[in-house]
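J.: So that you have it, the file is query20.txt, and it contains compact mmCIF, C-alpha atoms and all ligand atoms:
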```
# COMPACT_ATOMS: atom_id res chain seq x y z
CA MET A 1 0.00 0.00 0.00
CA MET A 2 2.82 2.40 0.81
CA MET A 3 4.79 1.31 -2.25
CA GLY A 4 6.28 4.17 -4.20
CA MET A 5 5.95 6.61 -1.32
CA ASN A 6 9.00 8.02 0.32
CA LEU A 7 8.29 8.20 4.03
CA ASN A 8 11.52 10.13 4.50
CA ASN A 9 9.69 13.08 2.92
CA ILE A 10 7.74 13.45 6.13
CA GLU A 11 9.73 16.10 7.96
CA PHE A 12 10.02 16.68 11.72
CA CYS A 13 8.61 13.23 12.48
CA ASP A 14 9.65 9.74 13.45
CA PHE A 15 7.68 6.86 11.98
CA LYS A 16 7.27 3.09 12.19
CA VAL A 17 5.86 0.79 9.52
CA ASP A 18 3.51 -2.18 9.86
CA GLU A 19 2.72 -1.52 13.48
CA ASN A 20 0.09 -3.37 15.46
CA LEU A 21 -2.35 -0.74 16.70
CA SER A 22 -2.99 -2.94 19.73
CA SER A 23 0.33 -1.55 21.07
CA TYR A 24 -1.13 1.95 21.01
CA THR A 25 -4.41 1.36 22.84
CA SER A 26 -5.17 0.56 26.45
CA PHE A 27 -7.65 -2.09 25.21
CA GLN A 28 -4.72 -3.88 23.49
CA ILE A 29 -6.95 -4.56 20.48
CA GLY A 30 -6.24 -3.47 16.90
CA GLY A 31 -4.66 -4.81 13.73
CA LYS A 32 -1.68 -3.76 11.67
CA CYS A 33 -1.44 -0.22 10.36
CA PRO A 34 0.93 0.53 7.44
CA VAL A 35 2.45 3.65 9.07
CA VAL A 36 2.37 5.22 12.52
CA ILE A 37 3.86 8.72 12.66
CA PHE A 38 5.23 10.46 15.74
CA PRO A 39 5.46 14.22 15.07
CA LYS A 40 8.20 16.09 16.89
CA SER A 41 6.47 19.47 16.60
CA ALA A 42 3.49 21.28 15.07
CA GLU A 43 5.53 21.38 11.82
CA GLY A 44 5.73 17.60 12.06
CA VAL A 45 1.95 17.37 12.38
CA GLN A 46 1.61 19.54 9.28
CA SER A 47 4.13 17.47 7.36
CA ALA A 48 2.33 14.22 8.29
CA LEU A 49 -1.05 15.66 7.28
CA GLN A 50 0.38 16.90 3.98
CA PHE A 51 1.86 13.47 3.28
CA ALA A 52 -1.53 11.86 3.96
CA THR A 53 -3.37 14.32 1.70
CA GLU A 54 -0.82 14.16 -1.14
CA ASN A 55 -0.95 10.37 -1.12
CA ASN A 56 -4.69 10.17 -0.56
CA LEU A 57 -4.24 8.18 2.64
CA ASN A 58 -6.97 7.63 5.19
CA ARG A 59 -5.51 9.03 8.42
CA LEU A 60 -6.35 9.19 12.11
CA ILE A 61 -5.00 11.23 15.02
CA ILE A 62 -4.61 9.48 18.35
CA GLY A 63 -3.31 10.42 21.77
CA ASN A 64 -2.56 7.70 24.30
CA GLY A 65 -5.28 5.43 22.85
CA THR A 66 -7.13 5.05 26.15
CA ASN A 67 -10.60 5.69 24.80
CA ILE A 68 -10.47 3.91 21.44
CA LEU A 69 -11.57 0.56 20.07
CA PHE A 70 -9.63 -0.27 16.89
CA PRO A 71 -10.80 -2.90 14.37
CA ASP A 72 -8.72 -6.06 13.93
CA LYS A 73 -7.86 -4.77 10.46
CA SER A 74 -6.91 -1.08 10.46
CA PRO A 75 -9.22 1.11 8.35
CA TYR A 76 -6.44 3.71 8.40
CA SER A 77 -3.30 3.69 6.28
CA LEU A 78 -1.68 6.25 8.52
CA VAL A 79 -2.02 6.98 12.23
CA ILE A 80 -0.52 10.17 13.70
CA ARG A 81 0.21 9.73 17.40
CA ILE A 82 0.33 12.93 19.46
CA CYS A 83 1.47 11.56 22.79
CA SER A 84 4.62 12.10 24.83
CA PRO A 85 7.41 12.34 23.69
CA SER A 86 5.48 13.99 20.79
CA LEU A 87 4.38 17.56 21.56
CA ASP A 88 4.91 17.22 25.29
CA GLU A 89 6.10 20.63 26.45
CA ILE A 90 4.65 22.67 29.27
CA ARG A 91 5.39 26.40 29.00
CA GLU A 92 4.67 29.38 31.20
CA THR A 93 2.67 32.24 29.69
CA THR A 94 2.56 35.92 30.57
CA GLU A 95 -0.91 35.45 32.09
CA PRO A 96 -0.92 34.61 35.81
CA TYR A 97 -1.21 30.91 36.70
CA THR A 98 -1.88 30.14 33.04
CA PHE A 99 0.20 27.50 31.25
CA HIS A 100 0.55 26.44 27.63
CA ILE A 101 0.30 22.65 27.71
CA GLN A 102 1.00 20.80 24.47
CA ALA A 103 -1.49 18.14 23.38
CA GLY A 104 0.87 15.18 23.85
CA VAL A 105 1.48 15.85 27.55
CA LEU A 106 0.16 12.95 29.63
CA ILE A 107 -2.29 13.89 32.35
CA SER A 108 -0.06 12.13 34.89
CA THR A 109 2.89 14.35 33.85
CA PHE A 110 0.70 17.43 34.00
CA LEU A 111 -0.33 16.49 37.54
CA GLU A 112 3.32 16.08 38.56
CA PHE A 113 3.92 19.59 37.21
CA VAL A 114 0.97 21.14 39.07
CA THR A 115 2.02 19.50 42.33
CA LYS A 116 5.63 20.63 41.98
CA ASN A 117 4.47 24.19 41.32
CA SER A 118 1.74 24.28 44.01
CA LEU A 119 -1.07 24.78 41.51
CA THR A 120 -4.59 23.75 42.39
CA GLY A 121 -7.66 23.08 40.24
CA ALA A 122 -6.61 20.02 38.22
CA GLU A 123 -6.55 17.36 40.97
CA PHE A 124 -9.81 15.79 39.76
CA LEU A 125 -8.02 14.54 36.62
CA SER A 126 -5.96 12.17 38.78
CA GLY A 127 -5.93 8.63 37.33
CA ILE A 128 -7.22 9.50 33.84
CA PRO A 129 -4.64 7.80 31.62
CA GLY A 130 -4.91 9.99 28.47
CA THR A 131 -3.16 13.01 27.00
CA ILE A 132 -4.22 16.65 27.30
CA GLY A 133 -5.27 16.57 23.60
CA GLY A 134 -7.38 13.43 24.04
CA ALA A 135 -8.90 14.81 27.25
CA ILE A 136 -9.91 18.05 25.52
CA PHE A 137 -11.34 16.16 22.53
CA MET A 138 -13.43 14.00 24.90
CA ASN A 139 -13.98 16.72 27.53
CA ALA A 140 -12.74 14.12 29.99
CA GLY A 141 -13.43 14.43 33.66
CA ALA A 142 -14.18 12.82 36.97
CA GLN A 143 -15.64 13.72 40.35
CA GLY A 144 -18.35 15.77 38.62
CA LYS A 145 -15.73 18.02 36.98
CA TYR A 146 -14.53 18.39 33.38
CA ILE A 147 -11.24 19.46 31.86
CA SER A 148 -13.14 22.26 30.08
CA GLU A 149 -13.49 23.98 33.48
CA ILE A 150 -9.75 24.76 33.54
CA VAL A 151 -9.20 25.29 29.79
CA LYS A 152 -9.02 28.92 28.64
CA LYS A 153 -8.04 28.43 25.00
CA VAL A 154 -7.33 25.56 22.62
CA GLU A 155 -4.66 25.68 19.93
CA VAL A 156 -5.60 23.79 16.77
CA MET A 157 -4.52 23.06 13.21
CA ASP A 158 -7.20 22.79 10.54
CA LYS A 159 -7.23 20.76 7.34
CA ASN A 160 -5.49 23.60 5.47
CA TYR A 161 -2.65 23.42 8.05
CA LYS A 162 -3.66 26.79 9.50
CA THR A 163 -3.02 27.07 13.23
CA TYR A 164 -5.05 29.29 15.52
CA TRP A 165 -6.37 29.61 19.06
CA LEU A 166 -10.00 29.05 19.92
CA ASP A 167 -11.58 30.48 23.00
CA LYS A 168 -13.19 28.02 25.44
CA SER A 169 -16.56 29.56 24.46
CA GLU A 170 -15.96 28.50 20.83
CA SER A 171 -15.09 24.92 21.76
CA SER A 172 -18.68 23.67 22.38
CA PHE A 173 -17.75 21.70 25.46
CA GLU A 174 -20.47 19.46 26.85
CA TYR A 175 -20.51 16.22 28.81
CA ARG A 176 -17.94 14.02 26.97
CA ASN A 177 -18.29 16.20 23.89
CA SER A 178 -16.57 19.10 22.15
CA ARG A 179 -16.47 20.82 18.79
CA PHE A 180 -13.36 18.77 17.95
CA LYS A 181 -15.45 15.62 17.51
CA THR A 182 -16.91 17.10 14.32
CA SER A 183 -14.59 19.96 13.29
CA GLY A 184 -11.70 17.80 12.07
CA GLU A 185 -9.30 20.23 13.78
CA ILE A 186 -6.21 18.75 15.37
CA ILE A 187 -5.55 19.83 18.92
CA LEU A 188 -1.96 21.06 19.34
CA GLY A 189 -2.25 22.36 22.87
CA ALA A 190 -4.20 24.43 25.33
CA LYS A 191 -3.93 27.30 27.76
CA ILE A 192 -4.92 26.01 31.15
CA GLU A 193 -5.60 28.29 34.10
CA LEU A 194 -5.12 27.17 37.69
CA THR A 195 -4.71 28.96 41.03
CA HIS A 196 -2.06 28.93 43.70
CA GLY A 197 -2.56 26.23 46.32
CA ASN A 198 -0.94 24.28 49.12
CA LYS A 199 1.55 21.73 47.76
CA GLU A 200 0.91 19.20 50.54
CA LYS A 201 -2.86 19.40 50.07
CA ILE A 202 -2.63 19.07 46.28
CA SER A 203 -0.35 16.06 46.53
CA THR A 204 -2.57 14.37 49.14
CA GLU A 205 -5.73 14.89 47.08
CA ILE A 206 -4.11 13.46 43.94
CA LYS A 207 -2.89 10.40 45.87
CA GLU A 208 -6.23 9.86 47.59
CA LEU A 209 -8.07 9.98 44.28
CA LEU A 210 -5.62 7.48 42.80
CA ASN A 211 -6.19 5.12 45.74
CA TYR A 212 -9.96 5.53 45.45
CA ARG A 213 -9.82 4.67 41.75
CA ASN A 214 -7.43 1.75 42.29
CA ASN A 215 -9.92 0.24 44.74
CA ARG A 216 -13.03 0.96 42.70
CA LEU A 217 -11.97 0.35 39.09
CA PRO A 218 -10.87 -2.91 37.44
CA LEU A 219 -7.38 -1.79 36.46
CA ASP A 220 -5.78 -5.24 36.35
CA LEU A 221 -6.98 -6.05 32.79
CA PRO A 222 -6.88 -3.97 29.58
CA SER A 223 -9.89 -1.69 28.97
CA ALA A 224 -10.83 1.70 27.57
CA GLY A 225 -12.38 3.02 30.78
CA CYS A 226 -16.13 3.56 30.89
CA ILE A 227 -17.83 2.22 27.76
CA PHE A 228 -21.10 4.15 28.05
CA LYS A 229 -21.95 7.75 28.91
CA ASN A 230 -24.03 8.20 32.03
CA PRO A 231 -27.65 8.81 31.06
CA LYS A 232 -29.37 11.83 32.67
CA ASN A 233 -31.15 9.72 35.30
CA GLY A 234 -28.16 7.95 36.84
CA PRO A 235 -24.83 6.16 36.37
CA ALA A 236 -24.63 3.74 33.44
CA ALA A 237 -22.86 1.19 35.70
CA TYR A 238 -25.92 1.06 37.99
CA PHE A 239 -28.31 0.38 35.10
CA ILE A 240 -26.00 -2.24 33.56
CA GLU A 241 -25.89 -4.01 36.90
CA LEU A 242 -29.70 -3.82 37.26
CA ALA A 243 -29.98 -5.41 33.80
CA GLU A 244 -27.87 -8.28 35.14
CA CYS A 245 -24.99 -7.77 32.73
CA LYS A 246 -22.16 -7.92 35.27
CA GLY A 247 -19.86 -10.80 34.36
CA LEU A 248 -21.44 -11.21 30.90
CA GLN A 249 -18.81 -12.50 28.45
CA ILE A 250 -18.54 -12.77 24.68
CA GLY A 251 -15.32 -14.37 23.45
CA GLY A 252 -12.49 -12.62 25.27
CA ALA A 253 -14.58 -9.56 26.24
CA LEU A 254 -16.03 -9.42 29.74
CA VAL A 255 -18.32 -6.95 31.54
CA SER A 256 -16.27 -6.30 34.66
CA PRO A 257 -17.75 -7.88 37.77
CA LYS A 258 -16.14 -4.99 39.72
CA HIS A 259 -17.45 -2.00 37.72
CA ALA A 260 -20.25 -2.76 35.25
CA ASN A 261 -19.41 0.13 32.90
CA PHE A 262 -15.99 -1.38 32.11
CA ILE A 263 -15.51 -4.03 29.43
CA LEU A 264 -12.27 -5.93 29.90
CA ASN A 265 -10.04 -7.69 27.43
CA THR A 266 -9.41 -10.97 29.25
CA GLY A 267 -6.52 -11.83 26.93
CA ASN A 268 -7.63 -12.45 23.37
CA ALA A 269 -10.68 -10.25 22.87
CA SER A 270 -11.29 -9.14 19.30
CA TYR A 271 -12.96 -5.98 18.04
CA LYS A 272 -15.99 -8.12 17.21
CA ASP A 273 -16.17 -9.58 20.74
CA VAL A 274 -16.19 -6.10 22.31
CA LYS A 275 -18.69 -4.69 19.81
CA SER A 276 -21.03 -7.67 20.24
CA LEU A 277 -20.82 -7.32 24.02
CA ILE A 278 -21.58 -3.57 23.79
CA LEU A 279 -24.66 -4.32 21.67
CA GLU A 280 -25.81 -7.06 24.04
CA VAL A 281 -25.47 -4.80 27.10
CA LYS A 282 -27.36 -2.01 25.29
CA LYS A 283 -30.13 -4.43 24.34
CA ARG A 284 -30.51 -5.85 27.84
CA VAL A 285 -30.56 -2.41 29.47
CA TYR A 286 -33.13 -1.21 26.95
CA ASP A 287 -35.34 -4.32 27.22
CA LYS A 288 -35.32 -4.31 31.00
CA LEU A 289 -35.24 -0.61 31.87
CA ASN A 290 -36.24 1.20 28.67
CA ILE A 291 -32.97 3.18 28.82
CA SER A 292 -30.90 3.77 25.67
CA LEU A 293 -27.22 3.76 26.54
CA GLU A 294 -24.86 5.76 24.34
CA THR A 295 -21.24 4.73 23.94
CA GLU A 296 -18.57 7.03 25.34
CA ILE A 297 -15.57 5.31 23.74
CA ILE A 298 -14.58 5.99 20.14
CA ILE A 299 -15.37 2.89 18.08
CA LEU A 300 -13.58 3.02 14.75
C1 LIG A 401 -8.54 2.71 33.08
C2 LIG A 401 -9.16 3.91 32.42
C3 LIG A 401 -9.79 4.88 33.19
C4 LIG A 401 -10.37 5.99 32.59
N1 LIG A 401 -10.98 6.93 33.38
C5 LIG A 401 -11.56 8.01 32.82
C6 LIG A 401 -12.20 9.00 33.62
O1 LIG A 401 -12.23 8.92 34.84
N2 LIG A 401 -12.76 10.05 32.99
C7 LIG A 401 -12.72 10.20 31.64
O2 LIG A 401 -13.24 11.21 31.12
N3 LIG A 401 -12.11 9.29 30.85
C8 LIG A 401 -11.54 8.21 31.41
N4 LIG A 401 -10.91 7.27 30.61
C9 LIG A 401 -10.92 7.44 29.15
C10 LIG A 401 -9.72 8.20 28.56
O3 LIG A 401 -8.58 8.06 29.39
C11 LIG A 401 -10.01 9.67 28.35
O4 LIG A 401 -11.09 9.86 27.48
C12 LIG A 401 -8.78 10.38 27.77
O5 LIG A 401 -9.01 11.76 27.82
C13 LIG A 401 -8.46 9.98 26.34
O6 LIG A 401 -7.19 10.54 26.01
P1 LIG A 401 -6.21 9.80 24.98
O7 LIG A 401 -5.03 10.65 24.80
O8 LIG A 401 -5.97 8.40 25.40
O9 LIG A 401 -7.12 9.84 23.68
P2 LIG A 401 -7.28 8.70 22.56
O10 LIG A 401 -7.98 7.53 23.16
O11 LIG A 401 -5.99 8.46 21.89
O12 LIG A 401 -8.27 9.44 21.55
C14 LIG A 401 -9.60 9.72 21.92
C15 LIG A 401 -10.22 10.55 20.78
O13 LIG A 401 -9.58 11.81 20.76
C16 LIG A 401 -9.02 12.06 19.46
N5 LIG A 401 -7.75 12.77 19.71
C17 LIG A 401 -6.76 12.42 20.57
N6 LIG A 401 -5.79 13.33 20.56
C18 LIG A 401 -6.15 14.29 19.66
C19 LIG A 401 -5.56 15.51 19.21
N7 LIG A 401 -4.39 15.95 19.67
N8 LIG A 401 -6.23 16.25 18.28
C20 LIG A 401 -7.44 15.83 17.80
N9 LIG A 401 -8.03 14.68 18.19
C21 LIG A 401 -7.41 13.93 19.12
C22 LIG A 401 -8.83 10.70 18.82
O14 LIG A 401 -8.92 10.76 17.41
C23 LIG A 401 -10.02 9.92 19.40
O15 LIG A 401 -11.18 10.16 18.62
C24 LIG A 401 -10.32 6.14 31.19
C25 LIG A 401 -9.66 5.18 30.41
C26 LIG A 401 -9.09 4.08 31.01
C27 LIG A 401 -8.38 3.05 30.18
```
Is it possible to express this structure as structure tokens?
T.:
Amino acid sequence: MMMGMNLNNIEFCDFKVDENLSSYTSFQIGGKCPVVIFPKSAEGVQSALQFATENNLNRLIIGNGTNILFPDKSPYSLVIRICSPSLDEIRETTEPYTFHIQAGVLISTFLEFVTKNSLTGAEFLSGIPGTIGGAIFMNAGAQGKYISEIVKKVEVMDKNYKTYWLDKSESSFEYRNSRFKTSGEIILGAKIELTHGNKEKISTEIKELLNYRNNRLPLDLPSAGCIFKNPKNGPAAYFIELAECKGLQIGGALVSPKHANFILNTGNASYKDVKSLILEVKKRVYDKLNISLETEIIIL
């Protein structure tokens, strides 16, 4: 498929060929992709996009792959991975307590930075395994809070390789939703505003949240976090449990007996196993409770 194309023309990037996408997702599911590109800078992102367009290649942007279900055969010829060490700088700005965080920065690294610098306001993100870019795309959150609450501006690149800043008010943030799900813009970074806090308190809260999640969530097997969005009338996990889906298994995919909104890859789950299990859970919840669950994860 990539015959006749010179990958060395892609500037400011590293790349790997014939990669298993399972290596790039927390679900550990996904078939071979002809090329995975790791941009070193915004110029690298542009160069990778140009290469895809010039060669008419179907391409996808990913972060840390913690909210994605990939097919066993990749529908993409080219995957651009914006995840540390790609685009992973944190810079000060001239605005007080406001930082320019590049999209590839892992949330865990960001939380180390905020603790070190006694900055409060981001503790609730503790334990979310994605990147800043992925979190903004998904409007990720926990503890009733969303990343959009601390985002001031988002830096993007559009399909014509133009880069610009969008105000939070232009980003259409909603529960697990943002303009980026439909705009096609690539998130390069964000300005995040925090306040000064007590280092000890910040560190304790982050650790306590991590402990709480370690006890409550099934983190011993691969997953993509919560599969379904919470409907308006309560947590999806509660309804899935009421519909007696806990422990339900199709092939290698299992509804976690610990947290019903997690589907686990018990070792050899395929895309089809997970998709069939999602459909079965949806059906049972609908038949029993008349509730239509909507998936939160990105199913490709
Ligand atoms: C164990 C576990 C626990 C989790 N807990 C939570 C939780 O508490 N709260 C929560 O909200 N989520 C949770 N998640 C889900 C996930 O971690 C978040 O949604 C996270 O923000 C996804 O970031 P990512 O970098 O992994 O994105 P990916 O999974 O790589 O991508 C997600 C989507 O964003 C797009 N995308 C990624 N980066 C960019 C970019 N730079 N520009 C444009 N598009 C981009 C991708 O195309 C894809 O459509 C959990 C996941 C796991 C595995």
J.: Could you work out how far atom O15 of ligand LIG 401 (chain A) lies from CA of Asp88 in chain A, giving the answer in Å with one decimal?
T.: 18.8 Å
J.: Let me have all residues with an atom within 8 Å of ligand LIG 401 (chain A), counting all atoms listed in the file, laid out as a JSON list (two decimals) with C-alpha atoms, keeping the file's coordinate frame.
T.:
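Contents of the output file pocket37.json:
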```json
[["chain", "number", "residue", "atom", "x", "y", "z"],
["A", 25, "THR", "CA", -4.41, 1.36, 22.84],
["A", 26, "SER", "CA", -5.17, 0.56, 26.45],
["A", 27, "PHE", "CA", -7.65, -2.09, 25.21],
["A", 60, "LEU", "CA", -6.35, 9.19, 12.11],
["A", 61, "ILE", "CA", -5.00, 11.23, 15.02],
["A", 62, "ILE", "CA", -4.61, 9.48, 18.35],
["A", 63, "GLY", "CA", -3.31, 10.42, 21.77],
["A", 64, "ASN", "CA", -2.56, 7.70, 24.30],
["A", 65, "GLY", "CA", -5.28, 5.43, 22.85],
["A", 66, "THR", "CA", -7.13, 5.05, 26.15],
["A", 67, "ASN", "CA", -10.60, 5.69, 24.80],
["A", 68, "ILE", "CA", -10.47, 3.91, 21.44],
["A", 81, "ARG", "CA", 0.21, 9.73, 17.40],
["A", 82, "ILE", "CA", 0.33, 12.93, 19.46],
["A", 83, "CYS", "CA", 1.47, 11.56, 22.79],
["A", 103, "ALA", "CA", -1.49, 18.14, 23.38],
["A", 104, "GLY", "CA", 0.87, 15.18, 23.85],
["A", 106, "LEU", "CA", 0.16, 12.95, 29.63],
["A", 125, "LEU", "CA", -8.02, 14.54, 36.62],
["A", 127, "GLY", "CA", -5.93, 8.63, 37.33],
["A", 128, "ILE", "CA", -7.22, 9.50, 33.84],
["A", 129, "PRO", "CA", -4.64, 7.80, 31.62],
["A", 130, "GLY", "CA", -4.91, 9.99, 28.47],
["A", 131, "THR", "CA", -3.16, 13.01, 27.00],
["A", 132, "ILE", "CA", -4.22, 16.65, 27.30],
["A", 133, "GLY", "CA", -5.27, 16.57, 23.60],
["A", 134, "GLY", "CA", -7.38, 13.43, 24.04],
["A", 135, "ALA", "CA", -8.90, 14.81, 27.25],
["A", 136, "ILE", "CA", -9.91, 18.05, 25.52],
["A", 137, "PHE", "CA", -11.34, 16.16, 22.53],
["A", 138, "MET", "CA", -13.43, 14.00, 24.90],
["A", 139, "ASN", "CA", -13.98, 16.72, 27.53],
["A", 140, "ALA", "CA", -12.74, 14.12, 29.99],
["A", 141, "GLY", "CA", -13.43, 14.43, 33.66],
["A", 142, "ALA", "CA", -14.18, 12.82, 36.97],
["A", 146, "TYR", "CA", -14.53, 18.39, 33.38],
["A", 156, "VAL", "CA", -5.60, 23.79, 16.77],
["A", 176, "ARG", "CA", -17.94, 14.02, 26.97],
["A", 180, "PHE", "CA", -13.36, 18.77, 17.95],
["A", 181, "LYS", "CA", -15.45, 15.62, 17.51],
["A", 184, "GLY", "CA", -11.70, 17.80, 12.07],
["A", 185, "GLU", "CA", -9.30, 20.23, 13.78],
["A", 186, "ILE", "CA", -6.21, 18.75, 15.37],
["A", 187, "ILE", "CA", -5.55, 19.83, 18.92],
["A", 188, "LEU", "CA", -1.96, 21.06, 19.34],
["A", 189, "GLY", "CA", -2.25, 22.36, 22.87],
["A", 217, "LEU", "CA", -11.97, 0.35, 39.09],
["A", 218, "PRO", "CA", -10.87, -2.91, 37.44],
["A", 219, "LEU", "CA", -7.38, -1.79, 36.46],
["A", 222, "PRO", "CA", -6.88, -3.97, 29.58],
["A", 223, "SER", "CA", -9.89, -1.69, 28.97],
["A", 224, "ALA", "CA", -10.83, 1.70, 27.57],
["A", 225, "GLY", "CA", -12.38, 3.02, 30.78],
["A", 226, "CYS", "CA", -16.13, 3.56, 30.89],
["A", 297, "ILE", "CA", -15.57, 5.31, 23.74],
["A", 298, "ILE", "CA", -14.58, 5.99, 20.14]]
```
J.: So that I can see what lies close to range 194-198 of chain A, please list as a list of chain:residue names the residues with an atom at most 7 Å from it, counting all atoms listed in the file and leaving out residues fewer than 6 positions away in the same chain.
T.: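 The contact residues come out as A:Tyr97, A:Thr98, A:Ser118, A:Leu119, A:Thr120, A:Gly121, A:Ile150.
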J.: With a distance cut-off of 12 Å and all atoms listed in the file, select the neighbouring residues of Lys199 in chain A, excluding the residue or stretch itself and same-chain residues fewer than 6 positions from it, and output the selection as a PDB file with C-alpha atoms, in the frame of the given file.
T.:
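Produced file part_18.pdb, reproduced below:
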```pdb
ATOM      1  CA  LEU A 111      -0.330  16.490  37.540  1.00  0.00           C
ATOM      2  CA  GLU A 112       3.320  16.080  38.560  1.00  0.00           C
ATOM      3  CA  PHE A 113       3.920  19.590  37.210  1.00  0.00           C
ATOM      4  CA  VAL A 114       0.970  21.140  39.070  1.00  0.00           C
ATOM      5  CA  THR A 115       2.020  19.500  42.330  1.00  0.00           C
ATOM      6  CA  LYS A 116       5.630  20.630  41.980  1.00  0.00           C
ATOM      7  CA  ASN A 117       4.470  24.190  41.320  1.00  0.00           C
ATOM      8  CA  SER A 118       1.740  24.280  44.010  1.00  0.00           C
ATOM      9  CA  LEU A 119      -1.070  24.780  41.510  1.00  0.00           C
ATOM     10  CA  THR A 120      -4.590  23.750  42.390  1.00  0.00           C
ATOM     11  CA  GLY A 121      -7.660  23.080  40.240  1.00  0.00           C
ATOM     12  CA  GLU A 123      -6.550  17.360  40.970  1.00  0.00           C
ATOM     13  CA  GLU A 205      -5.730  14.890  47.080  1.00  0.00           C
ATOM     14  CA  ILE A 206      -4.110  13.460  43.940  1.00  0.00           C
TER      15      ILE A 206
END
```
J.: With 6 Å added on each side, what axis-aligned box encloses every listed atom of range 45-60 of chain A? Give the centre and edge lengths in Å to one decimal, as AutoDock Vina command-line options.
T.:
```
--center_x -1.4 --center_y 13.6 --center_z 5.6 --size_x 23.1 --size_y 23.9 --size_z 25.5
```
J.: Please indicate the distance in Å from CA of Phe15 in chain A to CA of Val36 in chain A, rounded to one decimal place.
T.: 5.6 Å
